[in-house]
$ cat model-v2.txt   # compact mmCIF, C-alpha atoms
# COMPACT_ATOMS: atom_id res chain seq x y z
CA MET E 1 148.51 224.47 -137.63
CA ASN E 2 146.16 221.52 -137.10
CA PHE E 3 147.07 217.88 -137.54
CA ARG E 4 146.38 216.47 -141.00
CA HIS E 5 145.52 213.08 -142.42
CA GLU E 6 148.10 211.44 -144.66
CA TRP E 7 148.12 208.46 -147.03
CA LYS E 8 151.20 207.06 -148.69
CA HIS E 9 151.24 204.47 -151.47
CA GLU E 10 154.23 202.91 -153.22
CA ILE E 11 153.61 202.89 -156.98
CA ASN E 12 155.47 201.69 -160.06
CA ARG E 13 156.37 203.62 -163.21
CA ALA E 14 153.20 202.67 -165.09
CA GLU E 15 151.02 203.70 -162.14
CA LEU E 16 152.95 206.96 -161.86
CA THR E 17 152.21 207.79 -165.50
CA ALA E 18 148.52 206.91 -165.15
CA LEU E 19 148.12 208.97 -161.97
CA HIS E 20 149.86 211.94 -163.56
CA THR E 21 147.38 211.85 -166.43
CA ARG E 22 144.32 211.55 -164.17
CA LEU E 23 145.40 214.16 -161.63
CA SER E 24 146.47 216.67 -164.29
CA ALA E 25 143.04 216.50 -165.88
CA VAL E 26 141.13 217.32 -162.68
CA LEU E 27 143.28 219.03 -160.05
CA ALA E 28 145.22 222.29 -160.15
CA LEU E 29 148.98 222.28 -160.01
CA ASP E 30 150.62 223.83 -157.00
CA PRO E 31 151.61 227.33 -158.21
CA HIS E 32 155.16 226.74 -156.97
CA ALA E 33 155.58 223.88 -159.44
CA LEU E 34 156.93 225.82 -162.40
CA GLY E 35 156.94 223.45 -165.36
CA GLY E 36 154.81 220.96 -163.42
CA SER E 37 157.35 219.80 -160.83
CA TYR E 38 160.19 220.86 -158.57
CA SER E 39 163.19 219.21 -156.94
CA ILE E 40 163.52 218.88 -153.18
CA ARG E 41 166.70 218.40 -151.21
CA SER E 42 166.48 217.69 -147.46
CA LEU E 43 169.02 217.04 -144.73
CA TYR E 44 167.73 214.85 -141.90
CA PHE E 45 169.03 214.77 -138.31
CA ASP E 46 169.48 211.67 -136.16
CA ASN E 47 171.76 210.53 -133.34
CA LEU E 48 174.33 207.78 -132.87
CA GLN E 49 171.60 205.43 -131.62
CA ASP E 50 169.53 206.08 -134.79
CA LYS E 51 166.62 207.31 -132.68
CA VAL E 52 164.63 208.73 -135.60
CA LEU E 53 165.25 205.72 -137.84
CA ARG E 54 164.40 203.17 -135.15
CA GLU E 55 161.21 204.94 -134.13
CA LYS E 56 160.10 204.87 -137.76
CA ILE E 57 160.96 201.19 -138.28
CA ASN E 58 159.35 200.20 -134.99
CA GLY E 59 156.18 202.15 -135.75
CA VAL E 60 156.35 204.35 -132.65
CA ASN E 61 153.01 206.10 -132.51
CA ASN E 62 154.19 209.55 -131.37
CA ARG E 63 157.39 210.66 -133.04
CA GLU E 64 159.09 213.63 -134.66
CA LYS E 65 161.98 214.43 -136.98
CA PHE E 66 163.92 217.54 -137.97
CA ARG E 67 165.20 218.41 -141.42
CA LEU E 68 166.58 221.28 -143.46
CA ARG E 69 165.08 221.74 -146.92
CA TYR E 70 165.33 223.81 -150.09
CA TYR E 71 163.83 223.62 -153.57
CA ASN E 72 165.21 223.64 -157.11
CA GLY E 73 168.72 224.35 -155.86
CA ASP E 74 167.62 227.80 -154.62
CA LEU E 75 169.71 228.67 -151.56
CA SER E 76 167.88 231.97 -151.03
CA PHE E 77 164.99 230.11 -149.40
CA ILE E 78 166.00 227.41 -146.89
CA LEU E 79 163.65 225.98 -144.30
CA LEU E 80 164.05 224.22 -140.98
CA GLU E 81 161.15 221.80 -140.56
CA LYS E 82 159.89 219.65 -137.73
CA LYS E 83 157.51 216.91 -138.80
CA MET E 84 155.42 215.24 -136.11
CA LYS E 85 153.19 212.18 -136.18
CA TYR E 86 150.67 211.48 -133.42
CA ASN E 87 148.02 208.76 -133.49
CA GLY E 88 148.28 208.46 -137.25
CA LEU E 89 147.89 212.19 -137.91
CA CYS E 90 150.67 214.49 -139.15
CA ARG E 91 151.70 218.04 -138.46
CA LYS E 92 154.58 220.17 -139.71
CA GLU E 93 156.21 223.28 -138.27
CA GLN E 94 158.73 225.31 -140.26
CA THR E 95 160.78 228.45 -140.13
CA PRO E 96 163.04 230.09 -142.73
CA LEU E 97 166.80 230.13 -142.20
CA SER E 98 169.53 232.39 -143.48
CA HIS E 99 172.30 230.72 -145.44
CA TRP E 100 174.61 231.22 -142.48
CA GLU E 101 172.16 229.55 -140.07
CA ALA E 102 171.62 226.62 -142.43
CA GLN E 103 175.36 226.24 -142.87
CA ALA E 104 175.92 226.16 -139.12
CA LEU E 105 173.22 223.54 -138.55
CA SER E 106 174.38 221.43 -141.50
CA LYS E 107 177.81 221.27 -139.84
CA GLY E 108 176.34 220.40 -136.44
CA CYS E 109 177.36 223.75 -134.91
CA TRP E 110 174.34 224.26 -132.67
CA LYS E 111 176.12 226.44 -130.09
CA THR E 112 176.24 229.42 -132.43
CA LEU E 113 172.44 229.32 -132.76
CA ALA E 114 171.38 228.36 -129.24
CA SER E 115 170.21 231.92 -128.54
CA SER E 116 168.27 232.24 -131.81
CA SER E 117 165.03 234.23 -131.74
CA GLN E 118 163.29 231.39 -133.62
CA PRO E 119 161.69 228.85 -131.22
CA LEU E 120 162.07 226.00 -133.72
CA VAL E 121 165.79 226.68 -134.08
CA GLN E 122 166.11 226.75 -130.29
CA GLU E 123 164.31 223.40 -130.06
CA LEU E 124 166.60 221.75 -132.60
CA CYS E 125 169.64 223.12 -130.79
CA ARG E 126 168.37 221.66 -127.49
CA ASN E 127 167.83 218.30 -129.16
CA MET E 128 171.31 218.42 -130.66
CA LEU E 129 172.63 219.00 -127.13
CA PHE E 130 170.49 216.60 -125.10
CA GLN E 131 169.58 213.92 -127.68
CA GLY E 132 172.79 214.07 -129.65
CA LEU E 133 171.10 214.87 -132.96
CA PHE E 134 173.45 215.70 -135.81
CA PRO E 135 173.21 216.01 -139.63
CA LYS E 136 172.84 212.49 -140.95
CA THR E 137 171.52 211.96 -144.49
CA ILE E 138 170.69 213.92 -147.64
CA VAL E 139 167.41 212.96 -149.34
CA GLU E 140 166.66 214.33 -152.81
CA TYR E 141 163.80 213.72 -155.24
CA THR E 142 161.41 215.24 -157.77
CA ARG E 143 157.83 216.13 -156.81
CA GLU E 144 154.70 216.79 -158.88
CA PRO E 145 152.21 218.55 -156.55
CA PHE E 146 148.46 218.95 -157.08
CA ILE E 147 146.01 220.84 -154.88
CA PHE E 148 142.27 221.06 -154.21
CA ILE E 149 141.30 223.99 -152.01
CA PRO E 150 138.18 222.50 -150.28
CA GLY E 151 139.49 220.29 -147.49
CA ASN E 152 142.99 221.70 -148.07
CA VAL E 153 143.83 218.59 -150.10
CA ARG E 154 147.32 218.08 -151.48
CA VAL E 155 148.26 215.15 -153.73
CA THR E 156 151.90 214.63 -154.67
CA LEU E 157 153.83 212.24 -156.87
CA ASP E 158 157.43 211.79 -155.72
CA TYR E 159 160.05 209.95 -157.75
CA GLY E 160 163.74 209.87 -158.66
CA LEU E 161 164.86 209.32 -155.06
CA ARG E 162 168.57 210.05 -154.58
CA THR E 163 170.93 210.39 -151.63
CA SER E 164 174.53 211.24 -150.79
CA LEU E 165 177.16 209.27 -148.95
CA SER E 166 177.91 212.35 -146.84
CA PRO E 167 175.74 215.20 -145.51
CA THR E 168 178.52 217.77 -145.97
CA GLY E 169 177.44 218.73 -149.49
CA PHE E 170 173.87 219.64 -148.56
CA LEU E 171 174.24 223.34 -149.39
CA ASP E 172 176.09 222.66 -152.63
CA PRO E 173 173.43 222.22 -155.36
CA THR E 174 176.06 220.58 -157.57
CA CYS E 175 176.96 217.98 -154.92
CA ALA E 176 176.81 214.55 -156.51
CA THR E 177 174.00 212.29 -155.31
CA ILE E 178 173.34 208.68 -156.23
CA PRO E 179 170.04 207.03 -157.14
CA VAL E 180 168.50 204.84 -154.47
CA ARG E 181 168.36 201.40 -156.03
CA GLU E 182 164.87 199.98 -156.62
CA ALA E 183 163.19 202.89 -154.82
CA PRO E 184 159.52 203.13 -155.85
CA ALA E 185 157.65 206.27 -156.75
CA ILE E 186 155.40 207.52 -153.95
CA LEU E 187 151.85 208.81 -154.05
CA GLU E 188 151.02 211.00 -151.04
CA VAL E 189 147.58 212.37 -150.19
CA LYS E 190 147.18 214.90 -147.37
CA TRP E 191 144.02 216.63 -146.19
CA ASP E 192 142.41 218.35 -143.22
CA GLY E 193 138.80 217.61 -142.27
CA PHE E 194 137.59 215.65 -145.27
CA LEU E 195 138.79 214.02 -148.47
CA PRO E 196 136.32 214.43 -151.37
CA SER E 197 135.11 211.12 -152.78
CA PHE E 198 136.15 211.99 -156.32
CA ILE E 199 139.77 212.38 -155.17
CA ARG E 200 139.57 209.02 -153.39
CA ASP E 201 138.50 207.59 -156.74
CA LEU E 202 141.22 209.44 -158.64
CA VAL E 203 144.07 208.05 -156.56
CA GLN E 204 142.84 204.46 -156.46
CA THR E 205 145.40 202.11 -157.97
CA PRO E 206 144.67 198.35 -158.07
CA GLY E 207 146.94 196.29 -155.83
CA THR E 208 148.34 199.19 -153.80
CA ARG E 209 147.75 199.79 -150.13
CA THR E 210 148.55 202.48 -147.62
CA SER E 211 152.15 202.12 -146.45
CA ALA E 212 154.51 203.72 -143.95
CA PHE E 213 157.17 204.40 -146.58
CA SER E 214 159.94 206.71 -145.39
CA LYS E 215 162.33 208.34 -147.84
CA TYR E 216 164.75 208.94 -144.99
CA ALA E 217 164.71 205.30 -143.90
CA VAL E 218 165.23 204.04 -147.45
CA CYS E 219 168.17 206.40 -147.98
CA ARG E 220 169.79 205.13 -144.79
CA ILE E 221 170.76 201.87 -146.54
CA TYR E 222 173.76 203.85 -147.77
CA GLY E 223 174.95 204.81 -144.33
$ encode --input "model-v2.txt" --output "structure tokens"
Amino acid sequence: MNFRHEWKHEINRAELTALHTRLSAVLALDPHALGGSYSIRSLYFDNLQDKVLREKINGVNNREKFRLRYYNGDLSFILLEKKMKYNGLCRKEQTPLSHWEAQALSKGCWKTLASSSQPLVQELCRNMLFQGLFPKTIVEYTREPFIFIPGNVRVTLDYGLRTSLSPTGFLDPTCATIPVREAPAILEVKWDGFLPSFIRDLVQTPGTRTSAFSKYAVCRIYG
């Protein structure tokens, strides 16, 4: 997978509504968004020195983070993802996990998976051993995804950011999460080689600017 361009903008409720209307009229919905949206729950890994958090806050140019993720409370499809950022471009690698594998990783039990046949699982296990990564924070939100095939463009509206005081309930869809106070909605635009001008016009919102907003970093205010 090649590296992709990415924009992020913090938006308010009125801007969210206006963008939803504009994007719905022009772009196709992601076919996975039954009913127009889906929920995402992720579990991020960090170490005792907050390596991932500090690299984000300090704007380290080349960085990476690992997370587990599933959608709409469906535990039959769980992913391990590694998201990388290099020189302002983004790339994501992912591999599916069994419930047992996800449960082991969510408990920090890397030894049972160190000999996994999946290279990405092996890499996370090595980082848990040598960097001290462990399950840190649950991040949960709702996403409205839109797509435009030329340029492999993906535009998403994320809102309703929530977190948990403990990562132990990650695989329990009924685990209580709490809203992140004053968290904005987020407009994200991702594309490969080019971004069509009409999409640039669609996502323009007066007064907003590209930001380095991190859902993980915002959720870390709770621990």
$ atom_distance --input "model-v2.txt" --atom1 "atom CA of E:Tyr71" --atom2 "atom CA of E:Ile40"
4.8 Å
$ closest_residue --input "model-v2.txt" --among "E:Phe77, E:Phe45, E:Tyr141, E:Tyr70" --to "E:Leu105" --atoms "all atoms listed in the file"
E:Phe45
$ atom_distance --input "model-v2.txt" --atom1 "atom CA of E:Arg69" --atom2 "atom CA of E:Ile57"
22.7 Å
$ residues_around --input "model-v2.txt" --residues "E:Arg67" --least-positions-apart "6" --cutoff "9 Å" --atoms "all atoms listed in the file" --output "list in words"
Ser42, Leu43, Tyr44, Phe45, Leu79, Leu80, Glu81, Lys82, Lys83 and Pro135 of chain E
$ residues_near_point --input "model-v2.txt" --point "(141.2, 211.0, -151.2)" --cutoff "12 Å" --atoms "all atoms listed in the file" --output "number ranges by chain"
E: 5-9, 23, 147-148, 150-156, 187-205, 210
$ residues_around --input "model-v2.txt" --residues "E:Tyr86" --least-positions-apart "2" --cutoff "8 Å" --atoms "only C-alpha atoms" --output "VMD selection string"
chain E and resid 61 to 63 84 88 to 90
